[in-house]
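File shown: data_13.tsv. Contents: TSV, C-alpha atoms.
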```
chain	number	residue	atom	x	y	z
A	2	MET	CA	81.32	91.35	152.02
A	3	ASN	CA	78.92	88.45	152.80
A	4	GLN	CA	77.41	90.47	155.60
A	5	ARG	CA	76.70	93.30	153.13
A	6	ARG	CA	74.94	90.89	150.74
A	7	VAL	CA	72.69	89.65	153.54
A	8	ILE	CA	71.77	93.19	154.54
A	9	ILE	CA	71.00	94.11	150.93
A	10	ALA	CA	68.92	90.96	150.49
A	11	LEU	CA	66.99	91.69	153.68
A	12	ALA	CA	66.30	95.20	152.41
A	13	GLY	CA	64.54	93.64	149.40
A	14	LEU	CA	67.16	94.46	146.78
A	15	SER	CA	68.81	92.13	144.30
A	16	LEU	CA	72.56	92.21	143.90
A	17	LEU	CA	72.21	91.50	140.21
A	18	GLY	CA	69.78	94.27	139.36
A	19	THR	CA	67.11	96.56	140.67
A	20	ASN	CA	64.29	94.01	140.82
A	21	PRO	CA	62.97	93.72	144.36
A	22	LEU	CA	62.87	90.38	146.11
A	23	TRP	CA	59.37	89.77	147.39
A	24	ALA	CA	58.93	88.19	150.78
A	25	ALA	CA	56.02	86.15	149.44
A	26	ASP	CA	56.04	85.17	145.77
A	27	LYS	CA	52.70	83.44	146.24
A	28	VAL	CA	49.74	84.73	148.21
A	29	GLU	CA	46.85	82.55	149.33
A	30	LEU	CA	43.58	84.44	148.94
A	31	THR	CA	40.23	83.87	150.58
A	32	THR	CA	37.11	85.91	151.23
A	33	ARG	CA	36.46	87.95	154.36
A	34	VAL	CA	32.98	86.50	154.73
A	35	SER	CA	31.63	82.98	155.06
A	36	GLY	CA	29.59	81.36	152.33
A	37	VAL	CA	29.61	78.89	149.46
A	38	VAL	CA	31.66	79.52	146.32
A	39	GLU	CA	29.17	80.11	143.52
A	40	SER	CA	31.57	80.61	140.63
A	41	VAL	CA	35.28	80.81	139.87
A	42	LEU	CA	35.98	83.30	137.11
A	43	VAL	CA	39.66	82.53	136.45
A	44	LYS	CA	41.83	79.55	135.51
A	45	PRO	CA	45.31	78.52	136.68
A	46	GLY	CA	47.98	80.33	134.69
A	47	GLN	CA	45.69	83.23	133.81
A	48	ARG	CA	47.11	86.77	134.12
A	49	VAL	CA	44.79	89.23	135.84
A	50	LYS	CA	44.86	92.92	136.65
A	51	LYS	CA	44.48	94.40	140.12
A	52	GLY	CA	40.80	94.55	141.09
A	53	ALA	CA	39.66	91.80	138.71
A	54	VAL	CA	36.99	89.55	140.22
A	55	LEU	CA	38.47	86.08	140.76
A	56	LEU	CA	35.48	84.32	142.34
A	57	ARG	CA	32.05	84.96	143.81
A	58	LEU	CA	30.25	83.53	146.79
A	59	ASP	CA	26.52	82.85	146.78
A	60	LYS	CA	25.02	86.18	147.87
A	61	THR	CA	21.54	85.01	148.88
A	62	ILE	CA	22.09	85.12	152.65
A	63	LEU	CA	24.25	88.24	152.53
A	64	GLN	CA	21.62	90.06	150.44
A	65	ALA	CA	18.90	89.02	152.92
A	66	GLN	CA	21.03	90.30	155.80
A	67	LEU	CA	21.41	93.64	154.04
A	68	GLU	CA	17.66	93.88	153.46
A	69	GLU	CA	17.03	93.06	157.12
A	70	ALA	CA	19.56	95.68	158.24
A	71	THR	CA	17.99	98.24	155.89
A	72	ALA	CA	14.53	97.54	157.35
A	73	ASP	CA	15.90	97.86	160.90
A	74	HIS	CA	17.48	101.16	159.93
A	75	ALA	CA	14.19	102.47	158.53
A	76	ARG	CA	12.35	101.42	161.70
A	77	ALA	CA	15.02	103.10	163.86
A	78	GLN	CA	14.69	106.30	161.80
A	79	ALA	CA	10.93	106.33	162.35
A	80	ASP	CA	11.34	105.66	166.08
A	81	GLU	CA	13.93	108.43	166.36
A	82	ALA	CA	11.65	110.93	164.57
A	83	ASP	CA	8.74	109.93	166.81
A	84	ALA	CA	10.85	110.29	169.94
A	85	LYS	CA	12.08	113.69	168.76
A	86	ARG	CA	8.47	114.89	168.31
A	87	ASP	CA	7.59	113.60	171.80
A	88	GLN	CA	10.62	115.31	173.29
A	89	MET	CA	9.73	118.61	171.62
A	90	ARG	CA	6.09	118.33	172.83
A	91	ALA	CA	7.27	117.52	176.35
A	92	GLN	CA	9.63	120.53	176.28
A	93	GLU	CA	6.82	122.79	175.11
A	94	LEU	CA	4.46	121.57	177.85
A	95	TYR	CA	7.20	121.90	180.45
A	96	ASP	CA	7.95	125.47	179.30
A	97	ARG	CA	4.23	126.30	179.75
A	98	THR	CA	4.36	124.64	183.20
A	99	VAL	CA	1.75	122.11	182.14
A	100	SER	CA	3.96	119.04	182.67
A	101	SER	CA	6.52	117.96	185.22
A	102	THR	CA	10.29	117.69	185.06
A	103	SER	CA	10.07	113.90	185.20
A	104	GLU	CA	7.86	113.81	182.08
A	105	LEU	CA	10.36	115.99	180.20
A	106	GLU	CA	13.30	113.86	181.37
A	107	ALA	CA	11.48	110.67	180.31
A	108	ALA	CA	10.90	112.11	176.82
A	109	GLU	CA	14.53	113.22	176.56
A	110	LEU	CA	15.71	109.78	177.65
A	111	ARG	CA	13.48	108.10	175.05
A	112	TYR	CA	14.89	110.40	172.36
A	113	THR	CA	18.49	109.70	173.40
A	114	ARG	CA	17.83	105.95	173.30
A	115	ALA	CA	16.20	106.27	169.87
A	116	GLN	CA	19.25	108.14	168.59
A	117	ALA	CA	21.51	105.37	169.89
A	118	MET	CA	19.33	102.70	168.28
A	119	LEU	CA	19.48	104.60	164.98
A	120	SER	CA	23.28	104.77	165.14
A	121	ALA	CA	23.49	101.03	165.86
A	122	ALA	CA	21.11	100.23	162.99
A	123	GLN	CA	23.18	102.39	160.63
A	124	ALA	CA	26.33	100.52	161.68
A	125	ARG	CA	24.65	97.13	161.10
A	126	ARG	CA	23.56	98.28	157.65
A	127	VAL	CA	27.10	99.41	156.75
A	128	ILE	CA	28.49	96.05	157.91
A	129	ALA	CA	25.90	94.17	155.86
A	130	GLN	CA	26.75	96.27	152.77
A	131	LYS	CA	30.47	95.56	153.28
A	132	ASN	CA	29.84	91.83	153.75
A	133	LEU	CA	27.86	91.73	150.52
A	134	ALA	CA	30.68	93.50	148.67
A	135	ASP	CA	33.22	91.08	150.19
A	136	ALA	CA	31.40	88.14	148.60
A	137	GLU	CA	33.53	88.86	145.53
A	138	LEU	CA	37.21	87.97	145.81
A	139	LYS	CA	39.28	90.46	143.82
A	140	ALA	CA	42.92	90.43	142.76
A	141	PRO	CA	44.98	92.51	145.22
A	142	PHE	CA	47.60	93.31	142.56
A	143	ASP	CA	48.47	92.47	138.94
A	144	GLY	CA	49.55	88.84	138.82
A	145	VAL	CA	49.03	85.27	137.76
A	146	VAL	CA	46.61	82.71	139.18
A	147	SER	CA	48.88	79.89	140.37
A	148	ALA	CA	46.27	77.45	141.67
A	149	ILE	CA	42.59	77.24	142.60
A	150	PRO	CA	42.21	74.98	145.63
A	151	GLY	CA	38.61	76.15	146.22
A	152	GLY	CA	36.23	75.52	143.35
A	153	ALA	CA	32.49	76.03	142.98
A	154	GLY	CA	30.62	74.54	145.91
A	155	THR	CA	33.48	75.01	148.40
A	156	VAL	CA	32.22	76.09	151.80
A	157	VAL	CA	34.15	79.04	153.24
A	158	VAL	CA	34.21	79.64	156.98
A	159	ALA	CA	35.83	83.03	157.48
A	160	ASP	CA	36.01	82.93	161.29
A	161	CYS	CA	39.14	80.85	161.93
A	162	GLN	CA	41.95	80.42	159.41
A	163	PRO	CA	39.81	80.08	156.29
A	164	LYS	CA	40.88	77.70	153.56
A	165	PRO	CA	42.71	79.39	150.69
A	166	LEU	CA	40.51	79.64	147.61
A	167	ILE	CA	43.04	81.00	145.12
A	168	VAL	CA	46.82	81.04	145.13
A	169	PHE	CA	48.05	84.20	143.44
A	170	SER	CA	51.57	85.28	142.44
A	171	ARG	CA	53.25	88.32	140.98
```
Reformat the file's structure so that it appears as structure tokens.
Amino acid sequence: MNQRRVIIALAGLSLLGTNPLWAADKVELTTRVSGVVESVLVKPGQRVKKGAVLLRLDKTILQAQLEEATADHARAQADEADAKRDQMRAQELYDRTVSSTSELEAAELRYTRAQAMLSAAQARRVIAQKNLADAELKAPFDGVVSAIPGGAGTVVVADCQPKPLIVFSR
């Protein structure tokens, strides 16, 4: 009978009812991006709903990175359009036997490179948008704020085992 209780407990069921046993009653939360905590919007003991904003990082650098990525994307779009026009002109001249194969191939190569640069710029812009959105730490589920080890002014380094900013429980 003891073996059965262990198996049931490992399956996440309570012998006394239907309430599940959670592997982690408390979850330590931190942001996915580095920065400085600008504001904490909750207090210990406060109940919050899933998706509620718990704290915000200073967004100045992340916003600047997004603006830079957006400008790079615009430049890459212009370069790609220019390379496409050159490639079409080179194809037209080649078809009329006015230009050589090497000139056409050079224009096609420039266009292919411009397309690749545009794709890379788009990816950098998406990453910058995601990083900016991740500057807000949101509740992953309905629960209670257990503790706030990281207050305003706390520096967060997201690269290696970041410091927990909020301890959250169900």
**Message:** When you look at Tyr95 of chain A with a cut-off of 9 Å (counting only C-alpha atoms), what residues show up, excluding the ones that are within fewer than 5 positions of it in the same chain? I need them as a VMD selection string.
**Reply:** chain A and resid 90 100 to 102 104 to 105
Closest pair table for segment 83-167 of chain A residues within 10 Å of segment 35-50 of chain A, only C-alpha atoms, as a Markdown table:
```
| residue | atom | partner | partner_atom | distance |
| --- | --- | --- | --- | --- |
| A:Asn132 | CA | A:Ser35 | CA | 9.1 |
| A:Asp135 | CA | A:Ser35 | CA | 9.6 |
| A:Ala136 | CA | A:Gly36 | CA | 7.9 |
| A:Glu137 | CA | A:Val38 | CA | 9.6 |
| A:Leu138 | CA | A:Val41 | CA | 9.5 |
| A:Lys139 | CA | A:Lys50 | CA | 9.4 |
| A:Ala140 | CA | A:Lys50 | CA | 6.9 |
| A:Pro141 | CA | A:Lys50 | CA | 8.6 |
| A:Phe142 | CA | A:Lys50 | CA | 6.5 |
| A:Asp143 | CA | A:Lys50 | CA | 4.3 |
| A:Gly144 | CA | A:Val49 | CA | 5.6 |
| A:Val145 | CA | A:Arg48 | CA | 4.4 |
| A:Val146 | CA | A:Pro45 | CA | 5.0 |
| A:Ser147 | CA | A:Pro45 | CA | 5.3 |
| A:Ala148 | CA | A:Pro45 | CA | 5.2 |
| A:Ile149 | CA | A:Pro45 | CA | 6.6 |
| A:Gly151 | CA | A:Val38 | CA | 7.7 |
| A:Gly152 | CA | A:Val41 | CA | 6.4 |
| A:Ala153 | CA | A:Val38 | CA | 4.9 |
| A:Gly154 | CA | A:Val38 | CA | 5.1 |
| A:Thr155 | CA | A:Val38 | CA | 5.3 |
| A:Val156 | CA | A:Val37 | CA | 4.5 |
| A:Val157 | CA | A:Ser35 | CA | 5.0 |
| A:Val158 | CA | A:Ser35 | CA | 4.6 |
| A:Ala159 | CA | A:Ser35 | CA | 4.8 |
| A:Asp160 | CA | A:Ser35 | CA | 7.6 |
| A:Pro163 | CA | A:Ser35 | CA | 8.8 |
| A:Leu166 | CA | A:Val38 | CA | 8.9 |
| A:Ile167 | CA | A:Pro45 | CA | 9.1 |
```
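Interatomic distance, atom CA of Arg97 of chain A to atom CA of Leu110 of chain A: 20.2 Å.
You can rank A:Lys27, A:Lys85, A:Lys51, A:Arg33 by their closest distance to Gln116 of chain A using all atoms listed in the file, and at the top of that list sits A:Lys85.
Residue nearest Val54 of chain A, chosen from A:Ser103, A:Thr32, A:Gln130, A:Gln123 and counting only C-alpha atoms: A:Thr32.
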